[in-house]
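For reference, my_file_21.cif (mmCIF, C-alpha atoms):
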data_final
loop_
_atom_site.label_atom_id
_atom_site.label_comp_id
_atom_site.auth_asym_id
_atom_site.auth_seq_id
_atom_site.Cartn_x
_atom_site.Cartn_y
_atom_site.Cartn_z
CA MET A 6 22.49 -21.95 0.68
CA GLY A 7 25.80 -22.72 2.34
CA ARG A 8 28.58 -20.21 2.73
CA GLY A 9 30.95 -22.30 0.61
CA ASP A 10 29.40 -21.50 -2.75
CA ARG A 11 29.52 -17.74 -2.43
CA GLU A 12 30.73 -15.65 -5.27
CA THR A 13 32.03 -12.12 -4.99
CA SER A 14 32.18 -9.18 -7.34
CA GLY A 15 34.21 -6.03 -7.12
CA VAL A 16 32.61 -2.57 -6.93
CA GLY A 17 35.06 0.29 -6.65
CA ASP A 18 37.75 -0.72 -4.23
CA GLY A 19 35.85 -3.46 -2.43
CA GLU A 20 34.38 -6.86 -3.00
CA ILE A 21 30.71 -7.57 -2.49
CA ASP A 22 29.38 -10.98 -1.65
CA ASP A 23 26.55 -12.35 -3.76
CA SER A 24 24.45 -12.70 -0.64
CA VAL A 25 24.41 -8.88 -0.41
CA PHE A 26 22.92 -8.61 -3.88
CA TYR A 27 20.44 -11.26 -2.94
CA ALA A 28 19.52 -9.28 0.19
CA LEU A 29 18.98 -6.17 -1.93
CA ARG A 30 16.53 -7.76 -4.30
CA ASN A 31 13.65 -7.46 -1.84
CA ARG A 32 12.05 -4.08 -1.22
CA ARG A 33 11.39 -4.55 2.50
CA ARG A 34 14.98 -5.62 3.07
CA ARG A 35 16.26 -2.65 1.09
CA PHE A 36 14.25 -0.16 3.16
CA ALA A 37 15.48 -1.81 6.35
CA LEU A 38 19.05 -1.32 5.11
CA TYR A 39 18.36 2.30 4.13
CA PHE A 40 17.28 3.06 7.67
CA LEU A 41 20.42 1.40 9.01
CA LEU A 42 22.51 3.81 6.96
CA GLU A 43 21.45 6.46 9.45
CA HIS A 44 20.94 4.41 12.62
CA GLU A 45 23.43 1.88 13.88
CA SER A 46 20.81 -0.18 15.64
CA VAL A 47 17.03 -0.20 15.80
CA SER A 48 14.38 -2.19 17.60
CA LEU A 49 12.59 -4.70 15.44
CA ALA A 50 9.31 -3.00 16.37
CA GLU A 51 10.48 0.37 15.05
CA LEU A 52 12.07 -1.21 12.00
CA ALA A 53 8.68 -2.71 11.10
CA ASP A 54 7.02 0.73 11.55
CA VAL A 55 9.66 2.37 9.38
CA VAL A 56 9.61 -0.17 6.57
CA THR A 57 5.80 -0.03 6.48
CA GLY A 58 5.59 3.76 6.60
CA TRP A 59 8.44 4.48 4.23
CA ILE A 60 7.26 2.13 1.51
CA ARG A 61 3.83 3.72 1.79
CA THR A 62 5.09 7.28 1.55
CA GLY A 63 5.18 7.27 -2.21
CA GLU A 64 1.67 5.86 -2.45
CA TYR A 65 -1.35 7.79 -1.26
CA GLY A 66 -3.28 6.54 1.70
CA MET A 67 -2.57 5.38 5.18
CA ALA A 68 -0.57 2.35 6.25
CA THR A 69 -2.71 0.35 8.64
CA ARG A 70 -1.95 -1.67 11.74
CA ALA A 71 -2.66 -4.92 9.86
CA GLU A 72 -0.19 -4.00 7.14
CA ARG A 73 2.46 -3.20 9.71
CA ASP A 74 1.88 -6.48 11.54
CA GLY A 75 2.40 -8.32 8.25
CA VAL A 76 5.69 -6.48 7.72
CA TYR A 77 6.77 -7.29 11.27
CA ALA A 78 6.12 -11.01 10.78
CA SER A 79 7.97 -11.07 7.45
CA LEU A 80 10.96 -9.32 9.02
CA VAL A 81 11.14 -11.87 11.83
CA HIS A 82 10.63 -14.96 9.75
CA ARG A 83 12.26 -14.07 6.50
CA HIS A 84 14.04 -10.79 5.98
CA VAL A 85 16.19 -10.34 9.07
CA PRO A 86 17.53 -13.92 8.73
CA VAL A 87 18.48 -13.15 5.11
CA LEU A 88 20.21 -9.92 6.18
CA GLU A 89 21.97 -11.82 8.93
CA GLU A 90 23.06 -14.51 6.49
CA ALA A 91 24.56 -11.78 4.28
CA ASP A 92 26.45 -10.44 7.29
CA LEU A 93 24.69 -7.10 6.97
CA VAL A 94 23.05 -7.12 10.41
CA GLU A 95 23.35 -8.73 13.80
CA TRP A 96 20.34 -9.79 15.75
CA SER A 97 20.37 -9.33 19.53
CA ASP A 98 19.98 -12.45 21.68
CA ASP A 99 16.43 -11.49 22.66
CA ARG A 100 15.72 -10.94 18.93
CA GLU A 101 14.35 -7.48 19.66
CA THR A 102 17.13 -5.35 18.24
CA VAL A 103 18.81 -5.34 14.85
CA SER A 104 22.25 -3.74 14.49
CA ARG A 105 24.28 -2.89 11.45
CA THR A 106 27.54 -4.82 11.15
CA ASN A 107 30.70 -3.02 10.18
CA TRP A 108 29.87 -2.50 6.51
CA PRO A 109 32.76 -2.14 4.08
CA VAL A 110 32.67 1.17 2.19
CA SER A 111 31.63 -0.69 -0.97
CA VAL A 112 28.52 -2.05 0.75
CA SER A 113 27.53 1.36 2.18
CA GLU A 114 27.96 2.86 -1.28
CA LEU A 115 25.83 0.19 -2.86
CA VAL A 116 23.04 0.66 -0.33
CA ARG A 117 23.20 4.45 -0.76
CA LEU A 118 23.04 4.07 -4.51
CA ALA A 119 19.95 1.88 -4.22
CA LEU A 120 18.39 4.40 -1.82
CA THR A 121 18.89 7.29 -4.22
CA ALA A 122 17.63 5.30 -7.18
CA GLU A 123 14.56 4.12 -5.30
CA THR A 124 13.47 7.12 -3.21
CA GLY A 125 15.32 10.12 -4.61
CA GLU A 126 13.23 12.72 -6.40
CA ASP A 127 16.07 15.06 -7.14
CA GLU A 128 19.80 15.19 -6.85
CA SER A 129 20.99 16.42 -3.48
CA MET B 4 -19.62 14.59 31.75
CA ASN B 5 -19.80 18.17 30.46
CA PHE B 6 -17.72 19.46 27.54
CA ASP B 7 -14.75 20.44 29.69
CA ARG B 8 -14.56 16.99 31.17
CA LEU B 9 -14.84 15.34 27.76
CA LEU B 10 -11.85 17.36 26.62
CA SER B 11 -9.80 16.17 29.57
CA THR B 12 -10.89 12.56 29.05
CA VAL B 13 -9.51 12.70 25.53
CA GLU B 14 -6.39 14.52 26.71
CA ARG B 15 -5.47 11.47 28.75
CA ARG B 16 -5.37 9.24 25.66
CA ARG B 17 -1.84 9.91 24.66
CA LYS B 18 -0.43 9.28 21.23
CA THR B 19 3.04 9.79 19.91
CA ILE B 20 3.85 11.06 16.46
CA ALA B 21 7.28 10.35 15.03
CA VAL B 22 8.26 12.28 11.94
CA TYR B 23 10.81 10.42 9.80
CA SER B 24 12.65 12.65 7.38
CA SER B 25 16.11 13.81 6.45
CA ASP B 26 15.38 17.29 7.77
CA ALA B 27 14.48 18.01 11.40
CA ASP B 28 12.59 21.13 10.29
CA ASP B 29 9.93 18.86 8.86
CA VAL B 30 8.29 18.53 12.25
CA ALA B 31 5.43 20.49 10.83
CA ASP B 32 4.68 23.97 12.05
CA GLY B 33 1.16 24.44 13.30
CA PHE B 34 0.92 20.76 13.97
CA GLU B 35 0.60 21.13 17.67
CA VAL B 36 -1.07 18.25 19.42
CA ARG B 37 -1.57 18.50 23.13
CA ASN B 38 -1.94 14.85 24.04
CA ALA B 39 0.72 13.64 21.62
CA SER B 40 4.44 14.12 21.71
CA VAL B 41 6.07 14.78 18.37
CA GLU B 42 9.61 13.53 17.82
CA HIS B 43 11.92 13.52 14.84
CA ARG B 44 13.95 10.54 13.57
CA ARG B 45 16.48 11.01 10.82
CA LEU B 46 16.33 9.34 7.44
CA PRO B 47 19.36 9.33 5.16
CA ASP B 48 19.35 12.11 2.54
CA ALA B 49 17.79 11.09 -0.74
CA GLY B 50 15.15 13.64 -1.53
CA SER B 51 12.16 11.59 -0.42
CA ALA B 52 9.48 13.52 1.43
CA GLY B 53 9.48 11.41 4.56
CA PHE B 54 6.56 10.10 6.58
CA ALA B 55 5.01 10.17 10.03
CA VAL B 56 4.19 7.21 12.26
CA VAL B 57 1.42 7.57 14.84
CA ARG B 58 1.61 5.25 17.83
CA ASP B 59 -0.93 4.76 20.57
CA ARG B 60 -0.85 2.51 23.61
CA ASP B 61 -1.15 -0.55 21.33
CA GLY B 62 1.87 0.53 19.29
CA PHE B 63 1.68 1.37 15.58
CA ALA B 64 -1.61 3.07 14.74
CA GLY B 65 -0.81 4.25 11.23
CA ALA B 66 1.71 5.90 8.96
CA ILE B 67 1.23 8.64 6.43
CA GLY B 68 3.38 10.63 4.00
CA LEU B 69 4.48 14.10 5.08
CA GLY B 70 2.88 15.50 1.94
CA GLU B 71 -0.51 14.38 3.19
CA LEU B 72 0.22 15.69 6.66
CA GLU B 73 0.89 19.12 5.18
CA GLU B 74 -2.36 18.93 3.28
CA PHE B 75 -4.08 18.57 6.61
CA VAL B 76 -2.73 21.90 7.80
CA GLU B 77 -4.50 23.56 4.84
CA PRO B 78 -7.33 21.13 4.04
CA PRO B 79 -9.66 21.50 1.07
CA ILE B 80 -13.30 22.16 1.97
CA TYR B 81 -16.02 20.18 0.27
CA SER B 82 -19.76 20.43 0.59
CA PRO B 83 -21.29 17.64 2.69
CA TRP B 84 -22.65 15.73 -0.30
CA ASP B 85 -19.61 16.12 -2.49
CA GLU B 86 -18.56 12.83 -4.11
CA ALA B 87 -14.95 13.96 -3.78
CA PHE B 88 -15.37 13.17 -0.12
CA LEU B 89 -15.30 9.45 -0.62
CA THR B 90 -11.81 9.60 -2.05
CA ALA B 91 -10.49 12.70 -0.32
CA GLU B 92 -6.97 11.87 0.72
CA TYR B 93 -6.97 13.86 3.90
CA ARG B 94 -9.81 11.76 5.16
CA THR B 95 -7.26 9.13 6.11
CA LEU B 96 -5.76 11.69 8.44
CA PHE B 97 -9.02 12.11 10.27
CA GLU B 98 -8.92 8.43 10.99
CA LEU B 99 -5.27 8.44 11.97
CA LEU B 100 -5.50 11.46 14.22
CA ASP B 101 -8.82 10.86 15.92
CA ASP B 102 -8.80 11.25 19.69
CA SER B 103 -5.83 13.59 19.38
CA LEU B 104 -6.37 16.83 21.23
CA PHE B 105 -5.24 19.66 19.00
CA ALA B 106 -4.05 22.74 20.84
CA SER B 107 -4.55 24.96 17.84
CA LEU B 108 -7.20 24.54 15.16
CA ASP B 109 -8.44 27.33 12.95
CA ARG B 110 -11.88 27.67 11.38
CA ARG B 111 -10.73 26.11 8.12
CA GLN B 112 -9.50 22.93 9.81
CA LEU B 113 -12.65 22.71 11.89
CA LEU B 114 -14.79 23.23 8.82
CA ALA B 115 -12.99 20.37 7.06
CA ALA B 116 -13.66 18.09 10.05
CA THR B 117 -17.26 19.35 10.19
CA ARG B 118 -17.80 18.45 6.54
CA GLU B 119 -16.44 14.96 7.16
CA ILE B 120 -19.06 14.39 9.87
CA GLU B 121 -21.91 16.00 7.88
CA ASN B 122 -20.96 13.87 4.88
CA ARG B 123 -21.05 10.72 6.97
CA ALA B 124 -24.50 11.61 8.33
CA TRP B 125 -25.66 12.42 4.81
CA ARG B 126 -24.51 9.05 3.46
CA VAL B 127 -25.94 7.01 6.34
CA GLY B 128 -29.16 9.05 6.06
CA ARG B 129 -30.68 8.11 9.41
CA GLY B 130 -29.94 8.50 13.09
CA THR B 131 -29.39 11.66 15.11
CA LEU B 132 -27.08 14.55 14.27
CA GLN B 133 -26.43 17.25 16.86
CA VAL B 134 -24.70 20.42 15.75
CA GLY B 135 -23.49 23.35 17.87
CA PHE B 136 -23.11 26.65 16.02
CA GLN B 137 -22.06 28.74 19.03
CA ARG B 138 -24.45 31.47 17.86
CA LEU B 139 -27.60 30.69 15.89
CA SER B 140 -26.77 33.58 13.53
CA ILE B 141 -23.90 31.40 12.22
CA LEU B 142 -26.55 28.93 11.05
CA GLU B 143 -27.86 31.62 8.68
CA THR B 144 -25.22 30.86 6.03
CA GLN B 145 -25.82 27.10 6.45
CA VAL B 146 -29.62 27.06 6.19
CA GLY B 147 -29.45 25.78 2.59
CA PHE B 148 -27.28 22.83 3.65
CA TYR B 149 -29.44 21.89 6.57
CA ALA B 150 -32.70 22.28 4.67
CA ARG B 151 -31.43 19.75 2.13
CA LEU B 152 -30.09 17.43 4.84
CA GLY B 153 -33.46 17.58 6.64
CA ALA B 154 -35.53 17.15 3.49
CA GLU B 155 -33.59 14.39 1.73
CA THR B 156 -32.66 12.11 4.62
CA ALA B 157 -34.40 10.52 7.59
CA LEU B 158 -31.94 12.20 9.97
CA ASP B 159 -33.18 13.73 13.20
CA VAL B 160 -31.17 16.96 13.31
CA HIS B 161 -30.70 19.09 16.43
CA VAL B 162 -29.10 22.50 16.17
CA TYR B 163 -27.78 24.44 19.18
CA GLY B 164 -26.63 28.01 19.56
CA ARG B 165 -26.85 31.24 21.51
CA ASP B 166 -30.15 32.92 20.91
CA ASP B 167 -29.14 35.78 18.57
CA TRP B 168 -31.16 34.94 15.44
CA ASP B 169 -34.55 33.43 14.60
CA PRO B 170 -33.98 30.63 12.07
CA PRO B 171 -36.75 29.63 9.64
CA VAL B 172 -38.46 26.26 10.02
CA ILE B 173 -36.16 23.52 8.65
CA PRO B 174 -37.60 20.04 8.01
CA ASN B 175 -36.66 17.33 10.56
CA THR B 176 -34.60 19.89 12.43
CA THR B 177 -35.07 21.04 16.02
CA VAL B 178 -33.51 24.34 16.97
CA HIS B 179 -32.31 24.75 20.55
CA ALA B 180 -31.87 28.43 21.34
CA GLU B 181 -29.75 28.65 24.49
CA SER B 182 -28.33 31.36 26.69
CA GLY B 183 -25.50 29.52 28.51
CA ASP B 184 -21.75 30.10 28.10
CA GLU B 185 -20.97 26.51 27.20
CA ILE B 186 -23.04 26.46 24.00
CA GLY B 187 -21.57 29.84 23.06
CA SER B 188 -17.94 28.76 23.36
CA PHE B 189 -17.93 25.26 21.77
CA TRP B 190 -18.08 24.23 18.12
CA PHE B 191 -19.41 20.69 18.05
CA LEU B 192 -21.06 17.98 16.00
CA ALA B 193 -22.10 14.50 17.05
CA PHE B 194 -23.59 11.79 14.88
CA ASP B 195 -24.70 8.46 16.36
CA GLY B 196 -24.27 6.52 13.11
CA GLY B 197 -27.97 5.60 12.86
CA ASP B 198 -28.09 1.90 13.72
CA ASP B 199 -24.47 1.42 12.71
CA GLU B 200 -22.19 2.25 15.62
CA THR B 201 -19.09 2.11 13.39
CA GLN B 202 -20.36 5.27 11.65
CA ALA B 203 -20.57 7.24 14.91
CA CYS B 204 -18.36 10.32 15.03
CA ALA B 205 -18.07 13.62 16.83
CA LEU B 206 -16.12 16.85 16.94
CA LEU B 207 -15.72 19.07 19.97
CA ALA B 208 -13.67 22.27 20.04
CA ARG B 209 -13.53 25.20 22.40
CA GLU B 210 -12.91 28.71 21.10
CA ARG B 211 -10.02 29.82 23.30
CA ALA B 212 -9.51 33.14 21.57
CA PRO B 213 -11.50 34.64 18.68
CA GLY B 214 -11.09 32.25 15.71
CA GLU B 215 -8.71 29.98 17.63
CA PHE B 216 -9.88 26.60 18.82
CA SER B 217 -8.56 23.59 20.66
CA GLY B 218 -10.34 20.28 20.48
CA PHE B 219 -10.62 16.82 18.98
CA TRP B 220 -12.69 14.57 16.79
CA THR B 221 -13.40 10.97 17.50
CA TYR B 222 -14.80 7.78 16.00
CA ASP B 223 -15.09 6.20 19.42
CA PRO B 224 -18.80 5.30 19.84
CA GLN B 225 -18.53 5.54 23.61
CA ILE B 226 -17.27 9.14 23.57
CA VAL B 227 -19.88 10.04 20.94
CA ASP B 228 -22.58 8.52 23.12
CA GLU B 229 -21.41 10.37 26.23
CA MET B 230 -21.45 13.63 24.35
CA MET B 231 -24.91 13.05 22.85
CA THR B 232 -26.41 11.94 26.13
CA TYR B 233 -24.97 14.99 27.87
CA LEU B 234 -26.42 17.31 25.21
CA ARG B 235 -29.82 15.65 25.35
CA ASN B 236 -30.00 15.80 29.13
CA THR B 237 -28.70 19.33 29.45
CA TYR B 238 -30.24 21.25 26.59
CA ASP B 239 -33.60 19.67 25.81
#
Just dump the structure as structure tokens.
Amino acid sequence: MGRGDRETSGVGDGEIDDSVFYALRNRRRRFALYFLLEHESVSLAELADVVTGWIRTGEYGMATRAERDGVYASLVHRHVPVLEEADLVEWSDDRETVSRTNWPVSVSELVRLALTAETGEDES
Amino acid sequence: MNFDRLLSTVERRRKTIAVYSSDADDVADGFEVRNASVEHRRLPDAGSAGFAVVRDRDGFAGAIGLGELEEFVEPPIYSPWDEAFLTAEYRTLFELLDDSLFASLDRRQLLAATREIENRAWRVGRGTLQVGFQRLSILETQVGFYARLGAETALDVHVYGRDDWDPPVIPNTTVHAESGDEIGSFWFLAFDGGDDETQACALLARERAPGEFSGFWTYDPQIVDEMMTYLRNTYD
């Protein structure tokens, strides 16, 4: 729980905190991070739309309003705090905007690697 | 509330469609919606197809993969009683994009939407179905369909069209042969859902140029009711 018992591992030239790996173990958190690769900050409302829609893309059918509201609630109560704890995002004071922190290259590479492994259909 | 005014009522219900993909060219061609603005938001490159989010005045209305969106541009056509209908993927799009006013629909897209409404009426099996064929001669190729619909359900079917052909007697079906311009220029269907309002649906499209339509479909019982009342009062 506390910051004192963190462990780090090296990937390439950087060190990655265990809390980053923990953040990456949840699919909704991963898709939130993927979007932040391209956008420095995003409203929580849009982030919920994106996570809902993107996860659904691979599966046939339509993502509904109820599904999206569930994602929104889980972002607020669970996932954004975990991302914040891992120092991956900052939450605005009004809690309506999530911004990417200054990710070390090793973290960006890790997130990109996860993105390609999870959503990539071909090499590009 | 004539057909022109119904079109402008729907035009005021604005939606936005955001296409999320790694390629801005994915804002699909031919996907021109008059009461919705279409914007593009970038996703990082990874080879995934991307998706679209539809938002209305209450925010998120639905999200769908771009693959399915493309399917909508060239939809498969089923017969009204086809079982494939119940699982047809593009059906979700009809629900997502209802009350969107499409600036450009071709006959194939309208036929797909028509089949969705006919299938619904077929499954419910009672209530009133009003169908506008523009010209009654267009009904000629559909007589088999409508004979079966009339014979095998308790639907009360009303067919409208310009008076250019004398259809045979079809069970439970009233033919309204008209001479006005409105009936001649609109492709429409309206089904009241029988006693289940949640099954109500309608399609209304004006032929702007030969074979080129603009219009909408809706699952809003109030719009369906306005359309059906107008038809009943004007063309009975």
Residue hits in chain A, query chain B, radius 12 Å, all atoms listed in the file, as a PyMOL selection string = chain A and resi 36-45+47+50-74+76-77+113+116-129
Output of the above residues as an mmCIF file, in the coordinates of the input, restricted to C-alpha atoms:
data_model
loop_
_atom_site.group_PDB
_atom_site.id
_atom_site.type_symbol
_atom_site.label_atom_id
_atom_site.label_comp_id
_atom_site.auth_asym_id
_atom_site.auth_seq_id
_atom_site.Cartn_x
_atom_site.Cartn_y
_atom_site.Cartn_z
ATOM 1 C CA PHE A 36 14.250 -0.160 3.160
ATOM 2 C CA ALA A 37 15.480 -1.810 6.350
ATOM 3 C CA LEU A 38 19.050 -1.320 5.110
ATOM 4 C CA TYR A 39 18.360 2.300 4.130
ATOM 5 C CA PHE A 40 17.280 3.060 7.670
ATOM 6 C CA LEU A 41 20.420 1.400 9.010
ATOM 7 C CA LEU A 42 22.510 3.810 6.960
ATOM 8 C CA GLU A 43 21.450 6.460 9.450
ATOM 9 C CA HIS A 44 20.940 4.410 12.620
ATOM 10 C CA GLU A 45 23.430 1.880 13.880
ATOM 11 C CA VAL A 47 17.030 -0.200 15.800
ATOM 12 C CA ALA A 50 9.310 -3.000 16.370
ATOM 13 C CA GLU A 51 10.480 0.370 15.050
ATOM 14 C CA LEU A 52 12.070 -1.210 12.000
ATOM 15 C CA ALA A 53 8.680 -2.710 11.100
ATOM 16 C CA ASP A 54 7.020 0.730 11.550
ATOM 17 C CA VAL A 55 9.660 2.370 9.380
ATOM 18 C CA VAL A 56 9.610 -0.170 6.570
ATOM 19 C CA THR A 57 5.800 -0.030 6.480
ATOM 20 C CA GLY A 58 5.590 3.760 6.600
ATOM 21 C CA TRP A 59 8.440 4.480 4.230
ATOM 22 C CA ILE A 60 7.260 2.130 1.510
ATOM 23 C CA ARG A 61 3.830 3.720 1.790
ATOM 24 C CA THR A 62 5.090 7.280 1.550
ATOM 25 C CA GLY A 63 5.180 7.270 -2.210
ATOM 26 C CA GLU A 64 1.670 5.860 -2.450
ATOM 27 C CA TYR A 65 -1.350 7.790 -1.260
ATOM 28 C CA GLY A 66 -3.280 6.540 1.700
ATOM 29 C CA MET A 67 -2.570 5.380 5.180
ATOM 30 C CA ALA A 68 -0.570 2.350 6.250
ATOM 31 C CA THR A 69 -2.710 0.350 8.640
ATOM 32 C CA ARG A 70 -1.950 -1.670 11.740
ATOM 33 C CA ALA A 71 -2.660 -4.920 9.860
ATOM 34 C CA GLU A 72 -0.190 -4.000 7.140
ATOM 35 C CA ARG A 73 2.460 -3.200 9.710
ATOM 36 C CA ASP A 74 1.880 -6.480 11.540
ATOM 37 C CA VAL A 76 5.690 -6.480 7.720
ATOM 38 C CA TYR A 77 6.770 -7.290 11.270
ATOM 39 C CA SER A 113 27.530 1.360 2.180
ATOM 40 C CA VAL A 116 23.040 0.660 -0.330
ATOM 41 C CA ARG A 117 23.200 4.450 -0.760
ATOM 42 C CA LEU A 118 23.040 4.070 -4.510
ATOM 43 C CA ALA A 119 19.950 1.880 -4.220
ATOM 44 C CA LEU A 120 18.390 4.400 -1.820
ATOM 45 C CA THR A 121 18.890 7.290 -4.220
ATOM 46 C CA ALA A 122 17.630 5.300 -7.180
ATOM 47 C CA GLU A 123 14.560 4.120 -5.300
ATOM 48 C CA THR A 124 13.470 7.120 -3.210
ATOM 49 C CA GLY A 125 15.320 10.120 -4.610
ATOM 50 C CA GLU A 126 13.230 12.720 -6.400
ATOM 51 C CA ASP A 127 16.070 15.060 -7.140
ATOM 52 C CA GLU A 128 19.800 15.190 -6.850
ATOM 53 C CA SER A 129 20.990 16.420 -3.480
#
Å distance separating atom CA of A:Ser24 from atom CA of A:Ala91, one decimal place | 5.0 Å
Here's the selection I'm unsure about, the PyMOL selection byres ((chain A and resi 88) around 10); applied to the file above, which residues does it give, as a PDB file with C-alpha atoms, keeping the file's coordinate frame?
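out-v8.pdb, written as the output of this step:
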ATOM      1  CA  SER A  24      24.450 -12.700  -0.640  1.00  0.00           C
ATOM      2  CA  VAL A  25      24.410  -8.880  -0.410  1.00  0.00           C
ATOM      3  CA  TYR A  27      20.440 -11.260  -2.940  1.00  0.00           C
ATOM      4  CA  ALA A  28      19.520  -9.280   0.190  1.00  0.00           C
ATOM      5  CA  LEU A  29      18.980  -6.170  -1.930  1.00  0.00           C
ATOM      6  CA  ARG A  34      14.980  -5.620   3.070  1.00  0.00           C
ATOM      7  CA  ARG A  35      16.260  -2.650   1.090  1.00  0.00           C
ATOM      8  CA  ALA A  37      15.480  -1.810   6.350  1.00  0.00           C
ATOM      9  CA  LEU A  38      19.050  -1.320   5.110  1.00  0.00           C
ATOM     10  CA  LEU A  80      10.960  -9.320   9.020  1.00  0.00           C
ATOM     11  CA  ARG A  83      12.260 -14.070   6.500  1.00  0.00           C
ATOM     12  CA  HIS A  84      14.040 -10.790   5.980  1.00  0.00           C
ATOM     13  CA  VAL A  85      16.190 -10.340   9.070  1.00  0.00           C
ATOM     14  CA  PRO A  86      17.530 -13.920   8.730  1.00  0.00           C
ATOM     15  CA  VAL A  87      18.480 -13.150   5.110  1.00  0.00           C
ATOM     16  CA  GLU A  89      21.970 -11.820   8.930  1.00  0.00           C
ATOM     17  CA  GLU A  90      23.060 -14.510   6.490  1.00  0.00           C
ATOM     18  CA  ALA A  91      24.560 -11.780   4.280  1.00  0.00           C
ATOM     19  CA  ASP A  92      26.450 -10.440   7.290  1.00  0.00           C
ATOM     20  CA  LEU A  93      24.690  -7.100   6.970  1.00  0.00           C
ATOM     21  CA  VAL A  94      23.050  -7.120  10.410  1.00  0.00           C
ATOM     22  CA  GLU A  95      23.350  -8.730  13.800  1.00  0.00           C
ATOM     23  CA  TRP A  96      20.340  -9.790  15.750  1.00  0.00           C
ATOM     24  CA  VAL A 103      18.810  -5.340  14.850  1.00  0.00           C
ATOM     25  CA  ARG A 105      24.280  -2.890  11.450  1.00  0.00           C
TER      26      ARG A 105
END
Polymer residues at most 8 Å from stretch 191-206 of chain B, all atoms listed in the file, same-chain spacing of 2 or more positions, as a PyMOL selection string = chain B and resi 116-117+120+123-124+127-136+189+208+218-224+227-228+230-231
So how far away is atom CA of B:Glu181 from atom CA of B:Gly164, in Å?
->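 These two atoms are separated by 5.9 Å.
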